[in-house]
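Pasted below: work.txt, compact mmCIF, C-alpha atoms.
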```txt
# COMPACT_ATOMS: atom_id res chain seq x y z
CA MET A 62 87.63 159.40 126.91
CA ASN A 63 87.28 160.79 130.46
CA CYS A 64 83.46 160.82 130.50
CA LYS A 65 83.21 162.08 134.09
CA ALA A 66 85.35 165.15 133.39
CA HIS A 67 83.44 165.83 130.18
CA LEU A 68 80.11 165.80 132.00
CA THR A 69 81.47 168.05 134.76
CA LYS A 70 82.70 170.51 132.17
CA CYS A 71 79.29 170.63 130.49
CA ARG A 72 77.42 171.20 133.74
CA GLY A 73 79.82 173.96 134.72
CA SER A 74 79.63 175.89 131.48
CA ILE A 75 78.23 179.39 131.73
CA GLY A 76 76.73 181.04 128.71
CA GLY A 77 77.41 177.97 126.60
CA LEU A 78 74.92 175.80 124.74
CA PRO A 79 73.71 173.20 127.23
CA ARG A 80 71.61 171.31 124.68
CA ALA A 81 74.51 171.03 122.19
CA CYS A 82 76.84 170.10 125.03
CA GLN A 83 74.45 167.43 126.23
CA THR A 84 74.01 166.06 122.68
CA GLY A 85 77.75 165.89 122.13
CA THR A 86 78.23 164.13 125.45
CA VAL A 87 75.56 161.52 124.72
CA ARG A 88 76.99 160.94 121.30
CA GLY A 89 80.45 160.47 122.74
CA LEU A 90 79.16 158.06 125.37
CA PHE A 91 77.27 156.11 122.70
CA VAL A 92 80.40 155.77 120.58
CA ALA A 93 82.39 154.66 123.62
CA ILE A 94 79.77 152.03 124.55
CA LEU A 95 79.73 150.67 121.00
CA ALA A 96 83.51 150.40 121.05
CA VAL A 97 83.41 148.43 124.31
CA LEU A 98 80.71 146.10 122.99
CA ALA A 99 82.58 145.51 119.74
CA ALA A 100 85.73 144.62 121.65
CA SER A 101 83.82 142.13 123.78
CA VAL A 102 82.35 140.18 120.83
CA PRO A 103 84.61 137.26 119.86
CA ALA A 104 85.86 137.22 116.27
CA ARG A 105 83.87 134.91 114.01
CA ALA A 106 85.81 131.75 113.21
CA ALA A 107 86.74 131.26 109.58
CA ALA A 108 84.54 128.77 107.75
CA ALA A 109 85.95 125.28 107.52
CA PRO A 110 87.19 124.33 104.04
CA VAL A 111 84.88 122.01 102.12
CA ILE A 112 86.36 118.76 100.82
CA CYS A 113 84.35 116.83 98.25
CA VAL A 114 85.03 113.09 98.54
CA ASP A 115 84.10 111.15 95.40
CA PRO A 116 84.18 107.35 95.73
CA GLY A 117 84.36 106.14 92.15
CA HIS A 118 81.86 103.98 90.25
CA GLU A 119 78.77 102.31 91.70
CA ARG A 120 77.35 98.82 91.99
CA THR A 121 75.32 99.04 88.75
CA PRO A 122 77.23 100.08 85.60
CA ASP A 123 75.65 102.90 83.58
CA LEU A 124 76.49 102.46 79.91
CA SER A 125 74.66 105.57 78.73
CA THR A 126 76.96 108.32 77.49
CA GLU A 127 77.77 111.93 78.23
CA PRO A 128 80.12 114.55 76.69
CA ILE A 129 83.61 114.48 78.15
CA GLY A 130 83.63 118.26 78.41
CA PRO A 131 81.34 121.28 77.97
CA GLY A 132 80.32 121.52 74.31
CA SER A 133 82.33 118.43 73.34
CA SER A 134 81.25 116.13 70.52
CA THR A 135 83.20 113.29 72.16
CA TYR A 136 81.09 111.10 74.41
CA LYS A 137 82.05 108.44 76.96
CA ILE A 138 79.98 105.98 78.95
CA LYS A 139 79.04 107.29 82.38
CA ASP A 140 80.28 104.32 84.39
CA GLY A 141 81.69 101.07 83.15
CA GLY A 142 81.59 99.57 86.62
CA GLY A 143 85.29 99.65 87.40
CA THR A 144 87.43 96.73 88.51
CA ALA A 145 85.71 93.88 90.34
CA GLY A 146 85.16 94.94 93.96
CA GLU A 147 86.33 98.51 93.35
CA ALA A 148 83.02 100.28 93.97
CA THR A 149 82.69 98.67 97.40
CA VAL A 150 86.27 99.23 98.50
CA VAL A 151 86.47 102.90 97.49
CA LEU A 152 83.19 103.66 99.25
CA GLN A 153 84.53 102.08 102.44
CA ILE A 154 87.71 104.15 102.11
CA GLY A 155 85.72 107.30 101.34
CA LYS A 156 83.64 106.99 104.50
CA LYS A 157 86.79 106.51 106.58
CA LEU A 158 88.36 109.55 104.91
CA ARG A 159 85.26 111.60 105.70
CA GLY A 160 85.48 110.66 109.38
CA ILE A 161 89.15 111.58 109.61
CA LEU A 162 88.71 114.93 107.88
CA VAL A 163 85.68 115.88 109.96
CA ARG A 164 87.59 115.12 113.16
CA ARG A 165 90.38 117.36 111.91
CA GLY A 166 87.95 120.23 111.38
CA TYR A 167 87.01 120.05 107.70
CA ASP A 168 83.53 120.23 106.22
CA VAL A 169 83.07 117.13 104.07
CA VAL A 170 80.53 116.26 101.40
CA MET A 171 80.38 112.98 99.48
CA THR A 172 79.12 112.32 95.97
CA ARG A 173 77.74 108.99 97.14
CA THR A 174 77.33 107.25 100.49
CA THR A 175 75.63 104.11 99.19
CA MET A 176 76.45 101.55 96.52
CA GLU A 177 74.42 103.44 93.93
CA PHE A 178 75.06 106.92 92.53
CA ASP A 179 71.79 108.73 91.95
CA ARG A 180 72.62 112.43 91.75
CA GLY A 181 71.43 114.33 88.70
CA ASN A 182 71.50 112.15 85.60
CA GLY A 183 74.25 110.00 87.03
CA GLY A 184 77.74 109.86 85.59
CA ASN A 185 80.78 112.01 86.09
CA ILE A 186 79.24 115.31 85.02
CA ALA A 187 76.88 115.01 87.98
CA ARG A 188 79.78 114.18 90.30
CA ALA A 189 81.75 117.22 89.18
CA ARG A 190 78.72 119.51 89.40
CA PHE A 191 78.01 118.29 92.93
CA CYS A 192 81.51 119.32 94.02
CA ASN A 193 81.19 122.59 92.11
CA ARG A 194 77.95 123.47 93.89
CA HIS A 195 79.64 123.02 97.24
CA ASP A 196 82.57 125.22 96.14
CA ALA A 197 84.95 122.52 97.34
CA ALA A 198 88.53 123.43 98.14
CA LEU A 199 89.45 120.04 96.67
CA MET A 200 87.66 117.19 94.90
CA VAL A 201 89.23 113.89 96.01
CA ARG A 202 88.28 111.11 93.61
CA ILE A 203 88.99 107.65 95.03
CA HIS A 204 89.55 104.69 92.70
CA ALA A 205 91.39 101.39 92.57
CA ASP A 206 93.19 100.03 89.52
CA GLY A 207 92.98 96.80 87.59
CA SER A 208 95.13 95.04 85.03
CA THR A 209 95.35 91.78 83.12
CA ASP A 210 98.91 91.64 84.47
CA ARG A 211 98.29 90.44 88.02
CA SER A 212 101.83 91.36 89.07
CA ARG A 213 101.19 95.08 88.68
CA HIS A 214 100.88 96.99 91.93
CA GLY A 215 101.28 100.48 93.33
CA ALA A 216 99.49 103.81 93.51
CA SER A 217 99.27 106.83 91.25
CA THR A 218 97.53 110.19 91.30
CA LEU A 219 95.84 111.66 88.25
CA TYR A 220 95.15 115.32 87.52
CA PRO A 221 93.56 117.23 84.62
CA ALA A 222 95.38 117.97 81.40
CA TRP A 223 95.08 121.49 80.04
CA HIS A 224 92.12 122.22 77.80
CA LYS A 225 91.04 125.74 76.91
CA GLY A 226 87.73 126.59 78.51
CA TRP A 227 87.63 123.37 80.52
CA THR A 228 90.55 122.94 82.88
CA GLY A 229 92.77 125.98 82.49
CA ASP A 230 91.39 127.56 85.65
CA ILE A 231 91.96 124.50 87.86
CA LEU A 232 95.07 122.95 86.34
CA PRO A 233 97.84 124.66 88.35
CA GLN A 234 96.15 123.94 91.67
CA SER A 235 95.16 120.42 90.68
CA ARG A 236 98.71 119.58 89.61
CA ARG A 237 100.06 120.86 92.93
CA ALA A 238 97.39 118.95 94.85
CA ALA A 239 98.24 115.77 92.94
CA ALA A 240 101.94 116.02 93.82
CA LEU A 241 101.19 116.60 97.51
CA MET A 242 98.60 113.81 97.55
CA GLN A 243 100.89 111.26 95.92
CA GLU A 244 103.74 112.04 98.31
CA ALA A 245 101.51 111.81 101.37
CA TYR A 246 99.72 108.68 100.21
CA VAL A 247 102.85 106.71 99.38
CA GLY A 248 104.49 107.90 102.58
CA LYS A 249 101.61 106.63 104.72
CA THR A 250 100.76 103.37 102.95
CA GLY A 251 104.15 102.25 101.66
CA ALA A 252 102.57 101.52 98.27
CA ALA A 253 104.85 101.49 95.24
CA ASP A 254 105.06 105.01 93.82
CA LEU A 255 103.76 105.03 90.25
CA GLY A 256 103.87 108.81 90.11
CA LEU A 257 101.52 111.33 88.55
CA SER A 258 99.46 111.06 85.39
CA ARG A 259 97.95 113.92 83.40
CA ARG A 260 94.60 112.98 81.84
CA ALA A 261 92.59 114.79 79.18
CA ASP A 262 89.88 112.15 78.77
CA LEU A 263 88.29 112.11 82.23
CA THR A 264 84.83 113.69 82.27
CA GLY A 265 84.94 114.32 86.01
CA PHE A 266 87.99 116.53 85.54
CA ASN A 267 86.78 118.36 82.46
CA TRP A 268 83.53 119.48 84.10
CA ALA A 269 85.10 120.43 87.43
CA ASN A 270 85.38 124.07 88.43
CA VAL A 271 87.32 123.22 91.60
CA PRO A 272 90.77 121.66 92.02
CA ALA A 273 90.48 117.91 91.44
CA VAL A 274 92.66 114.83 91.76
CA LEU A 275 92.01 111.12 91.30
CA VAL A 276 93.95 108.62 93.38
CA GLU A 277 94.37 105.07 92.11
CA THR A 278 94.89 103.56 95.54
CA GLY A 279 96.31 100.26 94.30
CA PHE A 280 95.58 97.29 92.07
CA MET A 281 92.58 95.18 92.98
CA THR A 282 93.83 92.58 90.50
CA ASN A 283 97.11 92.03 92.35
CA PRO A 284 96.47 89.21 94.85
CA THR A 285 98.49 90.81 97.64
CA GLU A 286 97.48 94.42 97.10
CA GLY A 287 93.86 93.53 96.40
CA ALA A 288 93.63 91.67 99.71
CA LYS A 289 95.13 94.65 101.53
CA LEU A 290 92.68 97.08 99.93
CA ARG A 291 89.80 94.90 101.12
CA SER A 292 91.09 94.83 104.69
CA THR A 293 89.77 97.34 107.21
CA ARG A 294 93.19 97.92 108.74
CA TYR A 295 94.81 98.90 105.43
CA GLN A 296 91.80 100.98 104.41
CA TRP A 297 92.41 103.15 107.46
CA ARG A 298 96.02 103.65 106.35
CA VAL A 299 94.79 104.56 102.88
CA ALA A 300 92.28 107.02 104.35
CA HIS A 301 94.92 108.63 106.56
CA GLY A 302 97.23 108.96 103.55
CA LEU A 303 94.48 110.68 101.59
CA ALA A 304 93.68 112.92 104.56
CA ASN A 305 97.34 113.89 104.91
CA GLY A 306 97.53 114.77 101.23
CA THR A 307 94.35 116.80 101.48
CA ALA A 308 95.63 118.69 104.52
CA ALA A 309 98.93 119.44 102.77
CA PHE A 310 97.02 121.16 99.95
CA VAL A 311 94.18 122.63 102.02
CA PRO A 312 95.53 123.61 105.44
CA LEU A 313 92.97 124.56 108.06
CA PRO A 314 92.64 128.31 108.79
```

Entire entry expressed as structure tokens:
Amino acid sequence: MNCKAHLTKCRGSIGGLPRACQTGTVRGLFVAILAVLAASVPARAAAAPVICVDPGHERTPDLSTEPIGPGSSTYKIKDGGGTAGEATVVLQIGKKLRGILVRRGYDVVMTRTTMEFDRGNGGNIARARFCNRHDAALMVRIHADGSTDRSRHGASTLYPAWHKGWTGDILPQSRRAAALMQEAYVGKTGAADLGLSRRADLTGFNWANVPAVLVETGFMTNPTEGAKLRSTRYQWRVAHGLANGTAAFVPLP
């Protein structure tokens, strides 16, 4: 708009309606000023995706039970304690993963940051609900395996099996996330690739309303792999592998 010419025209009008002309001019100027101000305000950055990091187990086993899914008559213990040393190692990895993701620009929440899990009534329902409340783009469950066969080694990624009313809404995304996570994790750590596993019996999956995967980072019971998982240097590699898998599924805006 040529405001100067418009004002000149209004002042020079004869027999017109000066008040209407003045009102129209002010209105036009007001609209023009608003347009300039709007153009000068920087666009609001998109919110960072939320990643829910869930280090498995805790120091003290919880043998009380909970339903494996909403309305289920099947109950499982909340936490059997995991493999010896697992609760400590996965917490150390989880904290490293949080640091990496935050530096990359993600918003990160953790189900536990100490050796005890004390949210809600404890157990995996509480873990899933915590991630649900934060509307996480991905729930990354971190575990380590164990076996009576000490030669077993390698990593696998678990994802929910289909169950009507429980996992149907998150299954396609969780399966895709699991494939990306496994590829990234094995690529970064060099761990033996044990592939993907679909699980119907995991409470933390069945109560989740957000995409969820569980990474078995290796076997604590294998002398070589267990020692690596306890080492700070390898834990950083593990954390970077998990971060790369997360980023492949949840790219930053």

Against region 215-222 of chain A, which residues of region 240-274 of chain A fall within 8 Å? For each one I want the closest pair of atoms and the distance in Å (one decimal), counting all atoms listed in the file, rows by chain and increasing residue number, as JSON lines.
```
{"residue": "A:Ala240", "atom": "CA", "partner": "A:Thr218", "partner_atom": "CA", "distance": 7.7}
{"residue": "A:Met242", "atom": "CA", "partner": "A:Thr218", "partner_atom": "CA", "distance": 7.3}
{"residue": "A:Gln243", "atom": "CA", "partner": "A:Thr218", "partner_atom": "CA", "distance": 5.8}
{"residue": "A:Val247", "atom": "CA", "partner": "A:Ala216", "partner_atom": "CA", "distance": 7.4}
{"residue": "A:Ala252", "atom": "CA", "partner": "A:Gly215", "partner_atom": "CA", "distance": 5.2}
{"residue": "A:Ala253", "atom": "CA", "partner": "A:Gly215", "partner_atom": "CA", "distance": 4.2}
{"residue": "A:Asp254", "atom": "CA", "partner": "A:Ala216", "partner_atom": "CA", "distance": 5.7}
{"residue": "A:Leu255", "atom": "CA", "partner": "A:Ser217", "partner_atom": "CA", "distance": 4.9}
{"residue": "A:Gly256", "atom": "CA", "partner": "A:Ser217", "partner_atom": "CA", "distance": 5.1}
{"residue": "A:Leu257", "atom": "CA", "partner": "A:Thr218", "partner_atom": "CA", "distance": 5.0}
{"residue": "A:Ser258", "atom": "CA", "partner": "A:Leu219", "partner_atom": "CA", "distance": 4.7}
{"residue": "A:Arg259", "atom": "CA", "partner": "A:Tyr220", "partner_atom": "CA", "distance": 5.2}
{"residue": "A:Arg260", "atom": "CA", "partner": "A:Ala222", "partner_atom": "CA", "distance": 5.1}
{"residue": "A:Ala261", "atom": "CA", "partner": "A:Ala222", "partner_atom": "CA", "distance": 4.8}
{"residue": "A:Leu263", "atom": "CA", "partner": "A:Pro221", "partner_atom": "CA", "distance": 7.7}
{"residue": "A:Phe266", "atom": "CA", "partner": "A:Pro221", "partner_atom": "CA", "distance": 5.7}
{"residue": "A:Asn267", "atom": "CA", "partner": "A:Pro221", "partner_atom": "CA", "distance": 7.2}
{"residue": "A:Ala273", "atom": "CA", "partner": "A:Tyr220", "partner_atom": "CA", "distance": 6.6}
{"residue": "A:Val274", "atom": "CA", "partner": "A:Tyr220", "partner_atom": "CA", "distance": 4.9}
```

Item to check | CA of Val170 (chain A) to CA of Gly207 (chain A), distance in Å rounded to a single decimal | outcome: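 A separation of 26.9 Å between them.
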
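Taking CA of Ala239 (chain A) as the reference point, CA of Arg180 (chain A) is found at 25.9 Å.
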
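By chain and then residue number, the residues within 6 Å of Gly130 (chain A) are Pro128, Ser133, Asn267 and Trp268 of chain A, counting all atoms listed in the file and disregarding those fewer than 2 positions away in sequence.
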
Using only C-alpha atoms, please write the residues we just selected to a file, as an mmCIF file, in the coordinates of the input.
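The result, written out as selection.cif:
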```
data_model
loop_
_atom_site.group_PDB
_atom_site.id
_atom_site.type_symbol
_atom_site.label_atom_id
_atom_site.label_comp_id
_atom_site.auth_asym_id
_atom_site.auth_seq_id
_atom_site.Cartn_x
_atom_site.Cartn_y
_atom_site.Cartn_z
ATOM 1 C CA PRO A 128 80.120 114.550 76.690
ATOM 2 C CA SER A 133 82.330 118.430 73.340
ATOM 3 C CA ASN A 267 86.780 118.360 82.460
ATOM 4 C CA TRP A 268 83.530 119.480 84.100
#
```

Item to check | Computed interatomic separation between CA of Phe178 (chain A) and CA of Gly146 (chain A) (Å) | outcome: 15.7 Å

Next on the checklist: Could you check the closest approach to Arg194 (chain A) for each of A:Ala309, A:Asp230, A:Asn270, A:Lys289 and tell me which residue wins, using all atoms listed in the file?
Outcome noted: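 The closest residue to Arg194 (chain A) is A:Asn270.
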